[in-house]
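Student: There's a structure below that I have some questions on.
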Amino acid sequence: MTAQQAETSPQAQAGLARTHFAGLRELLSRPLTSYYLVLGCSALLLALGLMMVLSASSIEALQKTGNPFYWFIKQSISVAIGIPLMWICSRMPQRFFRLAGYPLLGISILGLLMVIFIGEELLGAQRWIAIGPFSIQPSEPAKLGLALWGADLLARKARDGRIEWRHLLIPLMPGTAIIAILVMLGRDLGTTIVLMIIFLALLWVVGAPVRLFGGILALLVLATVIMIMVEPYRMERLTGFLDVWAHAQTSGFQAAQGQIAMGSGGWFGLGLGSSRAKWDWLPHAESDFIFSILGEELGLMGTLVVVALFGLLGYAGLRIAARTADPFVRLAASASVAWIAGQAIVNIGAVIGVFPITGIPLPLVSYGGSALLPTLAALGMLLSFAKREPGAAEALAARGPGPAARALSWLGLGGRPRR
(Lines give C-alpha, C1' and ligand atoms only; values in the text may rest on other atoms or scores of the structure.)
Protein backbone atom coordinates (compact mmCIF):
# COMPACT_ATOMS: atom_id res chain seq x y z
CA MET A 1 0.00 0.00 0.00
CA THR A 2 1.38 3.41 -0.96
CA ALA A 3 1.64 6.30 1.46
CA GLN A 4 -1.16 8.15 -0.35
CA GLN A 5 -3.48 5.12 -0.13
CA ALA A 6 -2.71 4.75 3.57
CA GLU A 7 -3.66 8.37 4.18
CA THR A 8 -7.00 7.96 2.39
CA SER A 9 -7.94 4.57 3.87
CA PRO A 10 -11.10 4.40 6.04
CA GLN A 11 -9.04 3.68 9.15
CA ALA A 12 -6.84 6.72 8.55
CA GLN A 13 -9.85 8.96 7.92
CA ALA A 14 -11.55 7.69 11.07
CA GLY A 15 -8.40 8.36 13.09
CA LEU A 16 -8.15 11.85 11.63
CA ALA A 17 -11.79 12.53 12.48
CA ARG A 18 -11.22 11.34 16.07
CA THR A 19 -8.23 13.67 16.33
CA HIS A 20 -10.29 16.63 15.11
CA PHE A 21 -13.15 15.85 17.50
CA ALA A 22 -10.69 15.47 20.38
CA GLY A 23 -9.22 18.88 19.55
CA LEU A 24 -12.70 20.41 19.38
CA ARG A 25 -13.66 18.90 22.74
CA GLU A 26 -10.46 20.27 24.27
CA LEU A 27 -11.20 23.72 22.86
CA LEU A 28 -14.78 23.72 24.16
CA SER A 29 -13.67 22.53 27.61
CA ARG A 30 -11.36 25.49 28.20
CA PRO A 31 -12.41 27.85 31.03
CA LEU A 32 -12.69 30.98 28.85
CA THR A 33 -14.51 29.41 25.90
CA SER A 34 -17.85 30.96 26.89
CA TYR A 35 -16.23 34.36 27.43
CA TYR A 36 -14.58 34.48 24.03
CA LEU A 37 -17.64 33.10 22.24
CA VAL A 38 -19.92 35.78 23.70
CA LEU A 39 -17.38 38.52 23.05
CA GLY A 40 -16.49 37.39 19.53
CA CYS A 41 -20.06 36.70 18.31
CA SER A 42 -21.31 39.98 19.77
CA ALA A 43 -18.52 41.98 18.12
CA LEU A 44 -19.03 40.34 14.72
CA LEU A 45 -22.82 40.79 14.78
CA LEU A 46 -22.46 44.39 15.92
CA ALA A 47 -19.96 45.23 13.17
CA LEU A 48 -22.10 43.47 10.56
CA GLY A 49 -25.15 45.32 11.84
CA LEU A 50 -23.52 48.74 11.45
CA MET A 51 -22.46 47.86 7.93
CA MET A 52 -25.93 46.63 6.96
CA VAL A 53 -27.72 49.60 8.58
CA LEU A 54 -25.57 51.93 6.47
CA SER A 55 -26.38 50.01 3.32
CA ALA A 56 -30.09 49.41 3.99
CA SER A 57 -30.97 52.92 5.21
CA SER A 58 -28.90 55.14 2.91
CA ILE A 59 -31.49 55.58 0.13
CA GLU A 60 -34.47 56.31 2.36
CA ALA A 61 -32.34 58.53 4.60
CA LEU A 62 -31.22 60.55 1.55
CA GLN A 63 -34.81 60.94 0.37
CA LYS A 64 -36.22 61.96 3.76
CA THR A 65 -33.37 63.90 5.35
CA GLY A 66 -30.95 64.74 2.55
CA ASN A 67 -28.20 62.89 4.42
CA PRO A 68 -27.57 59.23 3.44
CA PHE A 69 -25.71 58.67 6.72
CA TYR A 70 -28.51 59.96 8.97
CA TRP A 71 -29.68 56.65 10.48
CA PHE A 72 -26.19 55.19 10.35
CA ILE A 73 -24.90 58.07 12.50
CA LYS A 74 -27.73 57.58 15.01
CA GLN A 75 -26.98 53.86 15.16
CA SER A 76 -23.27 54.59 15.57
CA ILE A 77 -24.09 56.84 18.54
CA SER A 78 -26.06 54.00 20.10
CA VAL A 79 -23.12 51.64 19.54
CA ALA A 80 -20.72 54.21 21.03
CA ILE A 81 -22.89 54.29 24.16
CA GLY A 82 -23.59 50.56 24.19
CA ILE A 83 -20.01 49.27 24.01
CA PRO A 84 -18.89 51.08 27.22
CA LEU A 85 -22.16 49.93 28.83
CA MET A 86 -21.34 46.34 27.88
CA TRP A 87 -17.80 46.73 29.22
CA ILE A 88 -19.07 48.17 32.53
CA CYS A 89 -21.59 45.34 32.91
CA SER A 90 -18.86 42.79 32.20
CA ARG A 91 -16.97 44.06 35.27
CA MET A 92 -19.94 44.18 37.64
CA PRO A 93 -20.41 41.59 40.40
CA GLN A 94 -23.36 39.26 40.49
CA ARG A 95 -24.99 41.25 43.30
CA PHE A 96 -25.30 44.28 41.04
CA PHE A 97 -27.48 42.38 38.55
CA ARG A 98 -29.61 40.90 41.33
CA LEU A 99 -30.37 44.38 42.60
CA ALA A 100 -30.64 46.08 39.18
CA GLY A 101 -33.66 44.08 38.05
CA TYR A 102 -36.06 45.80 40.46
CA PRO A 103 -35.47 49.47 39.55
CA LEU A 104 -35.07 48.58 35.86
CA LEU A 105 -38.43 46.81 35.82
CA GLY A 106 -40.06 49.66 37.77
CA ILE A 107 -38.75 52.28 35.34
CA SER A 108 -39.88 50.15 32.40
CA ILE A 109 -43.42 49.85 33.81
CA LEU A 110 -43.54 53.61 34.34
CA GLY A 111 -42.36 54.11 30.76
CA LEU A 112 -44.99 51.69 29.44
CA LEU A 113 -47.70 53.65 31.29
CA MET A 114 -46.41 56.86 29.74
CA VAL A 115 -46.50 55.25 26.30
CA ILE A 116 -50.21 54.51 26.70
CA PHE A 117 -51.04 58.14 27.48
CA ILE A 118 -48.46 60.23 25.61
CA GLY A 119 -46.71 57.75 23.32
CA GLU A 120 -46.34 58.08 19.58
CA GLU A 121 -48.38 55.80 17.34
CA LEU A 122 -46.74 54.39 14.24
CA LEU A 123 -47.98 51.65 11.90
CA GLY A 124 -50.78 50.61 14.26
CA ALA A 125 -48.57 50.29 17.36
CA GLN A 126 -48.03 52.72 20.22
CA ARG A 127 -44.52 51.94 21.44
CA TRP A 128 -42.37 55.10 21.56
CA ILE A 129 -41.87 58.17 23.71
CA ALA A 130 -40.28 61.08 21.84
CA ILE A 131 -37.47 62.90 23.66
CA GLY A 132 -36.03 65.55 21.36
CA PRO A 133 -34.68 63.94 18.19
CA PHE A 134 -34.68 60.49 19.80
CA SER A 135 -37.48 58.00 20.44
CA ILE A 136 -37.36 55.60 23.38
CA GLN A 137 -39.19 52.27 23.46
CA PRO A 138 -39.71 51.31 27.13
CA SER A 139 -40.67 47.73 26.28
CA GLU A 140 -37.04 46.99 25.32
CA PRO A 141 -35.45 47.50 28.77
CA ALA A 142 -38.49 45.68 30.18
CA LYS A 143 -37.10 42.48 28.61
CA LEU A 144 -33.86 42.76 30.59
CA GLY A 145 -35.74 43.90 33.68
CA LEU A 146 -38.04 40.87 33.55
CA ALA A 147 -35.10 38.47 33.08
CA LEU A 148 -33.19 39.91 36.07
CA TRP A 149 -36.19 40.36 38.34
CA GLY A 150 -37.55 36.90 37.63
CA ALA A 151 -34.15 35.27 38.09
CA ASP A 152 -33.54 36.97 41.44
CA LEU A 153 -37.07 36.29 42.63
CA LEU A 154 -36.75 32.56 42.00
CA ALA A 155 -33.16 32.37 43.26
CA ARG A 156 -34.21 33.88 46.58
CA LYS A 157 -36.80 31.15 46.95
CA ALA A 158 -34.22 28.42 46.27
CA ARG A 159 -33.56 25.87 48.97
CA ASP A 160 -30.35 23.84 48.79
CA GLY A 161 -29.95 24.84 45.17
CA ARG A 162 -33.46 23.65 44.25
CA ILE A 163 -36.32 25.90 43.16
CA GLU A 164 -39.95 24.92 43.58
CA TRP A 165 -41.98 25.73 40.47
CA ARG A 166 -44.98 26.61 42.68
CA HIS A 167 -43.16 29.80 43.62
CA LEU A 168 -43.91 30.97 40.08
CA LEU A 169 -47.51 31.65 40.98
CA ILE A 170 -46.81 34.68 43.18
CA PRO A 171 -45.50 37.17 42.32
CA LEU A 172 -43.68 36.20 39.09
CA MET A 173 -46.72 35.20 37.07
CA PRO A 174 -48.84 38.26 37.98
CA GLY A 175 -45.83 40.55 37.46
CA THR A 176 -45.20 39.13 34.01
CA ALA A 177 -48.90 39.44 33.19
CA ILE A 178 -48.90 43.13 34.15
CA ILE A 179 -45.94 43.88 31.89
CA ALA A 180 -47.42 41.87 29.02
CA ILE A 181 -50.80 43.63 29.35
CA LEU A 182 -49.14 47.06 29.30
CA VAL A 183 -47.22 46.10 26.17
CA MET A 184 -50.37 44.70 24.56
CA LEU A 185 -52.22 47.93 25.33
CA GLY A 186 -49.58 49.59 23.19
CA ARG A 187 -50.53 47.08 20.46
CA ASP A 188 -47.08 45.52 20.32
CA LEU A 189 -47.65 41.82 19.71
CA GLY A 190 -44.01 41.05 18.81
CA THR A 191 -42.56 42.31 22.09
CA THR A 192 -45.31 40.50 24.01
CA ILE A 193 -44.18 37.25 22.39
CA VAL A 194 -40.56 37.91 23.41
CA LEU A 195 -41.60 38.63 27.01
CA MET A 196 -43.44 35.32 27.06
CA ILE A 197 -40.33 33.58 25.72
CA ILE A 198 -38.36 34.96 28.69
CA PHE A 199 -41.06 33.83 31.10
CA LEU A 200 -41.25 30.36 29.59
CA ALA A 201 -37.45 30.07 29.78
CA LEU A 202 -37.62 30.75 33.52
CA LEU A 203 -40.36 28.12 33.77
CA TRP A 204 -38.21 25.59 31.95
CA VAL A 205 -35.13 26.15 34.10
CA VAL A 206 -37.01 25.69 37.36
CA GLY A 207 -38.53 22.45 36.09
CA ALA A 208 -42.18 23.42 35.84
CA PRO A 209 -44.49 20.52 34.92
CA VAL A 210 -45.73 20.06 31.38
CA ARG A 211 -49.33 20.77 32.34
CA LEU A 212 -48.37 24.26 33.51
CA PHE A 213 -46.65 24.91 30.17
CA GLY A 214 -49.79 23.69 28.40
CA GLY A 215 -52.04 26.00 30.38
CA ILE A 216 -49.85 29.04 29.82
CA LEU A 217 -49.47 28.32 26.11
CA ALA A 218 -53.26 27.98 25.81
CA LEU A 219 -53.68 31.40 27.45
CA LEU A 220 -51.06 32.88 25.12
CA VAL A 221 -52.81 31.48 22.06
CA LEU A 222 -56.14 32.89 23.28
CA ALA A 223 -54.60 36.32 23.94
CA THR A 224 -52.95 36.29 20.52
CA VAL A 225 -56.21 35.43 18.80
CA ILE A 226 -57.98 38.25 20.64
CA MET A 227 -55.26 40.75 19.69
CA ILE A 228 -55.49 39.68 16.06
CA MET A 229 -59.28 39.94 15.99
CA VAL A 230 -59.49 43.41 17.57
CA GLU A 231 -56.93 44.96 15.18
CA PRO A 232 -57.81 44.81 11.46
CA TYR A 233 -54.20 45.32 10.34
CA ARG A 234 -53.12 42.19 12.24
CA MET A 235 -55.80 40.15 10.51
CA GLU A 236 -54.53 41.49 7.19
CA ARG A 237 -50.99 40.45 8.14
CA LEU A 238 -52.22 36.98 9.03
CA THR A 239 -54.07 36.51 5.75
CA GLY A 240 -51.04 37.87 3.91
CA PHE A 241 -48.82 35.37 5.73
CA LEU A 242 -51.08 32.42 4.91
CA ASP A 243 -50.93 33.22 1.19
CA VAL A 244 -48.21 35.78 0.53
CA TRP A 245 -48.30 35.74 -3.25
CA ALA A 246 -52.07 36.04 -3.46
CA HIS A 247 -51.76 39.29 -1.46
CA ALA A 248 -48.40 40.43 -2.86
CA GLN A 249 -49.74 43.89 -3.72
CA THR A 250 -51.67 44.42 -0.48
CA SER A 251 -51.21 42.82 2.96
CA GLY A 252 -48.43 40.50 1.80
CA PHE A 253 -46.39 43.18 0.04
CA GLN A 254 -43.61 43.47 2.64
CA ALA A 255 -43.27 39.71 3.04
CA ALA A 256 -43.21 39.18 -0.74
CA GLN A 257 -40.59 41.87 -1.31
CA GLY A 258 -38.48 40.47 1.51
CA GLN A 259 -38.53 37.02 -0.02
CA ILE A 260 -37.74 38.40 -3.48
CA ALA A 261 -34.73 40.21 -2.01
CA MET A 262 -33.55 37.06 -0.24
CA GLY A 263 -33.92 34.96 -3.38
CA SER A 264 -32.16 37.43 -5.66
CA GLY A 265 -28.98 37.23 -3.57
CA GLY A 266 -28.15 33.69 -4.67
CA TRP A 267 -25.22 31.91 -3.03
CA PHE A 268 -22.86 34.85 -2.50
CA GLY A 269 -25.03 37.95 -2.96
CA LEU A 270 -25.00 40.98 -5.20
CA GLY A 271 -22.26 42.69 -3.19
CA LEU A 272 -22.29 45.21 -0.35
CA GLY A 273 -24.37 48.27 -1.21
CA SER A 274 -25.84 46.63 -4.31
CA SER A 275 -29.31 45.86 -2.96
CA ARG A 276 -32.20 46.72 -5.26
CA ALA A 277 -34.92 46.13 -2.68
CA LYS A 278 -33.88 49.14 -0.56
CA TRP A 279 -34.83 51.47 -3.44
CA ASP A 280 -38.37 52.00 -2.10
CA TRP A 281 -39.37 48.37 -2.62
CA LEU A 282 -38.93 46.90 0.86
CA PRO A 283 -40.46 48.81 3.82
CA HIS A 284 -38.37 49.03 7.00
CA ALA A 285 -35.33 47.57 5.31
CA GLU A 286 -33.02 48.91 8.03
CA SER A 287 -34.94 47.41 10.96
CA ASP A 288 -37.48 44.59 10.75
CA PHE A 289 -36.32 43.32 7.34
CA ILE A 290 -32.59 43.95 7.47
CA PHE A 291 -32.06 40.19 7.16
CA SER A 292 -33.55 40.39 3.65
CA ILE A 293 -31.04 43.06 2.63
CA LEU A 294 -28.27 40.99 4.17
CA GLY A 295 -29.36 37.98 2.13
CA GLU A 296 -29.58 40.04 -1.03
CA GLU A 297 -26.14 41.62 -0.67
CA LEU A 298 -24.21 38.76 1.00
CA GLY A 299 -26.22 35.81 -0.29
CA LEU A 300 -27.03 32.51 1.35
CA MET A 301 -23.50 32.28 2.75
CA GLY A 302 -23.94 35.60 4.55
CA THR A 303 -27.25 34.58 6.11
CA LEU A 304 -25.80 31.25 7.24
CA VAL A 305 -22.93 33.08 8.93
CA VAL A 306 -25.42 35.23 10.85
CA VAL A 307 -27.47 32.19 11.88
CA ALA A 308 -24.26 30.43 12.98
CA LEU A 309 -23.20 33.44 15.07
CA PHE A 310 -26.54 33.49 16.88
CA GLY A 311 -26.26 29.73 17.36
CA LEU A 312 -22.80 30.07 18.91
CA LEU A 313 -24.01 32.94 21.08
CA GLY A 314 -26.88 30.77 22.31
CA TYR A 315 -24.52 27.87 22.96
CA ALA A 316 -22.18 30.11 24.97
CA GLY A 317 -25.04 31.41 27.12
CA LEU A 318 -26.34 27.92 27.83
CA ARG A 319 -22.78 26.78 28.61
CA ILE A 320 -22.50 29.56 31.19
CA ALA A 321 -25.81 28.47 32.73
CA ALA A 322 -24.76 24.80 32.80
CA ARG A 323 -21.35 25.43 34.38
CA THR A 324 -22.56 27.33 37.41
CA ALA A 325 -24.02 26.16 40.71
CA ASP A 326 -25.61 29.54 41.42
CA PRO A 327 -29.39 29.56 40.77
CA PHE A 328 -29.49 33.25 39.87
CA VAL A 329 -26.71 32.97 37.28
CA ARG A 330 -28.35 29.89 35.76
CA LEU A 331 -31.74 31.61 35.52
CA ALA A 332 -30.49 35.01 34.33
CA ALA A 333 -28.19 33.51 31.69
CA SER A 334 -30.89 31.15 30.39
CA ALA A 335 -33.53 33.89 30.24
CA SER A 336 -31.17 36.29 28.44
CA VAL A 337 -30.18 33.68 25.87
CA ALA A 338 -33.84 32.75 25.32
CA TRP A 339 -34.66 36.43 24.76
CA ILE A 340 -31.85 37.18 22.29
CA ALA A 341 -31.90 33.89 20.39
CA GLY A 342 -35.71 33.67 20.47
CA GLN A 343 -36.07 37.19 19.09
CA ALA A 344 -33.58 36.37 16.34
CA ILE A 345 -35.55 33.23 15.43
CA VAL A 346 -38.85 35.15 15.30
CA ASN A 347 -37.34 37.93 13.16
CA ILE A 348 -35.59 35.59 10.72
CA GLY A 349 -38.65 33.34 10.58
CA ALA A 350 -40.85 36.29 9.62
CA VAL A 351 -38.43 37.34 6.88
CA ILE A 352 -38.26 33.89 5.27
CA GLY A 353 -42.02 33.34 5.62
CA VAL A 354 -42.09 30.76 8.43
CA PHE A 355 -43.80 33.11 10.94
CA PRO A 356 -46.17 36.06 10.52
CA ILE A 357 -44.58 39.52 10.56
CA THR A 358 -44.47 40.79 14.15
CA GLY A 359 -42.34 43.91 13.79
CA ILE A 360 -39.45 43.03 16.10
CA PRO A 361 -35.82 43.77 15.19
CA LEU A 362 -32.93 41.38 14.68
CA PRO A 363 -30.75 41.71 17.82
CA LEU A 364 -27.44 43.59 17.35
CA VAL A 365 -28.05 43.90 13.60
CA SER A 366 -31.22 45.95 13.08
CA TYR A 367 -31.44 49.71 13.48
CA GLY A 368 -32.67 50.93 16.88
CA GLY A 369 -30.87 52.14 19.98
CA SER A 370 -33.70 51.25 22.38
CA ALA A 371 -33.27 47.59 21.46
CA LEU A 372 -29.48 47.67 21.14
CA LEU A 373 -28.56 49.08 24.57
CA PRO A 374 -30.43 46.51 26.75
CA THR A 375 -29.10 43.71 24.51
CA LEU A 376 -25.50 44.87 24.96
CA ALA A 377 -26.07 45.21 28.71
CA ALA A 378 -27.34 41.61 28.82
CA LEU A 379 -24.30 40.42 26.85
CA GLY A 380 -22.04 42.31 29.24
CA MET A 381 -23.75 40.46 32.09
CA LEU A 382 -23.04 37.14 30.35
CA LEU A 383 -19.38 38.15 30.07
CA SER A 384 -19.34 38.88 33.80
CA PHE A 385 -20.81 35.45 34.53
CA ALA A 386 -18.38 33.77 32.09
CA LYS A 387 -15.41 35.25 33.96
CA ARG A 388 -16.61 33.45 37.08
CA GLU A 389 -16.83 29.99 35.55
CA PRO A 390 -14.60 27.31 37.11
CA GLY A 391 -10.99 28.10 36.22
CA ALA A 392 -11.85 31.30 34.33
CA ALA A 393 -10.40 33.67 36.94
CA GLU A 394 -7.07 31.84 36.91
CA ALA A 395 -7.01 31.80 33.10
CA LEU A 396 -7.69 35.54 32.97
CA ALA A 397 -4.96 36.23 35.53
CA ALA A 398 -2.49 34.17 33.51
CA ARG A 399 -3.44 36.04 30.34
CA GLY A 400 -2.41 39.37 31.84
CA PRO A 401 -4.08 42.79 31.50
CA GLY A 402 -6.37 43.38 28.55
CA PRO A 403 -6.10 46.15 25.91
CA ALA A 404 -8.21 48.58 27.94
CA ALA A 405 -6.08 48.11 31.07
CA ARG A 406 -2.88 48.49 29.04
CA ALA A 407 -4.19 51.70 27.47
CA LEU A 408 -5.00 53.10 30.90
CA SER A 409 -1.53 52.14 32.10
CA TRP A 410 0.06 53.98 29.19
CA LEU A 411 -1.94 57.08 30.19
CA GLY A 412 -1.02 56.63 33.85
CA LEU A 413 -4.70 56.27 34.79
CA GLY A 414 -4.65 52.76 36.13
CA GLY A 415 -2.40 49.88 37.08
CA ARG A 416 1.37 50.23 36.92
CA PRO A 417 2.67 52.71 34.32
CA ARG A 418 4.83 51.28 31.58
CA ARG A 419 8.51 52.18 31.93
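Going by the C-alpha coordinates order, chains are called A, B, ..., each with residues numbered from 1, while ligands are numbered from 1 in the order shown.
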Which residues, written as a list in words, have at least one atom at most 10 Å from Ile193 in chain A, with only C-alpha atoms counted and residues fewer than 2 positions away on the same chain left out?

Tutor: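 Neighbouring residues, sequence-local ones excluded: Ala180, Met184, Asp188, Leu189, Gly190, Thr191, Leu195, Met196, Ile197, Ile198, Phe199, Leu220, Thr224, Trp339, Gly342, Gln343, Val346, Thr358 and Ile360 of chain A.
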
Student: Counting only C-alpha atoms, what is within 6 Å of Gly265 in chain A, bar same-chain residues fewer than 5 positions away, as a PyMOL selection string?

Tutor: chain A and resi 270+295-297+299

Student: Considering only helix (DSSP H, G or I) as DSSP defines it on the backbone, what residues of range 277-306 of chain A qualify? List them as a count of residues only.

Tutor: 17

Student: Report as a tab-separated table the residues of range 265-312 of chain A within 9 Å of range 54-76 of chain A, each with its shortest atom pair and distance in Å (one decimal), using only C-alpha atoms, ordered by chain and increasing residue number.

Tutor:
```
residue	atom	partner	partner_atom	distance
A:Leu272	CA	A:Ser55	CA	7.3
A:Gly273	CA	A:Ser55	CA	5.2
A:Ser274	CA	A:Ser55	CA	8.4
A:Ser275	CA	A:Ala56	CA	7.8
A:Ala277	CA	A:Ala56	CA	8.9
A:Lys278	CA	A:Ala56	CA	5.9
A:Trp279	CA	A:Ile59	CA	6.4
A:Asp280	CA	A:Glu60	CA	7.3
A:His284	CA	A:Ser57	CA	8.6
A:Ala285	CA	A:Ala56	CA	5.7
A:Glu286	CA	A:Ala56	CA	5.0
A:Ser287	CA	A:Ala56	CA	8.7
A:Ile290	CA	A:Ala56	CA	6.9
A:Ile293	CA	A:Ala56	CA	6.6
A:Leu294	CA	A:Ala56	CA	8.6
```

Student: Would you pick out the contacts of Ala397 in chain A at 12 Å or less, using only C-alpha atoms, so that residues sharing its chain but fewer than 6 positions from it are not included, and give the list as a PyMOL selection string?

Tutor: chain A and resi 32+387+391

Student: Rounded to one decimal place, report the CA of Gln137 in chain A-CA of Leu313 in chain A distance in Å.

Tutor: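 Between CA of Gln137 in chain A and CA of Leu313 in chain A the gap works out to 24.7 Å.
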
Student: Which residue gives the smallest distance to Leu148 in chain A among A:Gly353, A:Gly101, A:Pro31, A:Gly266, with only C-alpha atoms counted?

Tutor: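 Smallest separation from Leu148 in chain A among the options: A:Gly101.
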
Student: What is the distance between CA of Pro171 in chain A and CA of Leu153 in chain A, in Å to one decimal?

Tutor: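 Result for CA of Pro171 in chain A versus CA of Leu153 in chain A: 8.5 Å, one decimal.
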
Student: For Gly82 in chain A, work out the shell of residues within 12 Å, counting only C-alpha atoms and skipping chain neighbours fewer than 2 positions away, then give it as a PyMOL selection string.

Tutor: chain A and resi 42-43+46+75-80+84-89+364+368-380

Student: Kindly give the distance, in Å, that separates CA of Phe328 in chain A and CA of Ala155 in chain A, rounded to a single decimal.

Tutor: 5.1 Å

Student: Find the residue from A:Met381, A:Leu217, A:Ile320, A:Leu50 that sits nearest to Arg95 in chain A; use only C-alpha atoms when measuring.

Tutor: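 Counting only C-alpha atoms, the residue closest to Arg95 in chain A is A:Met381.
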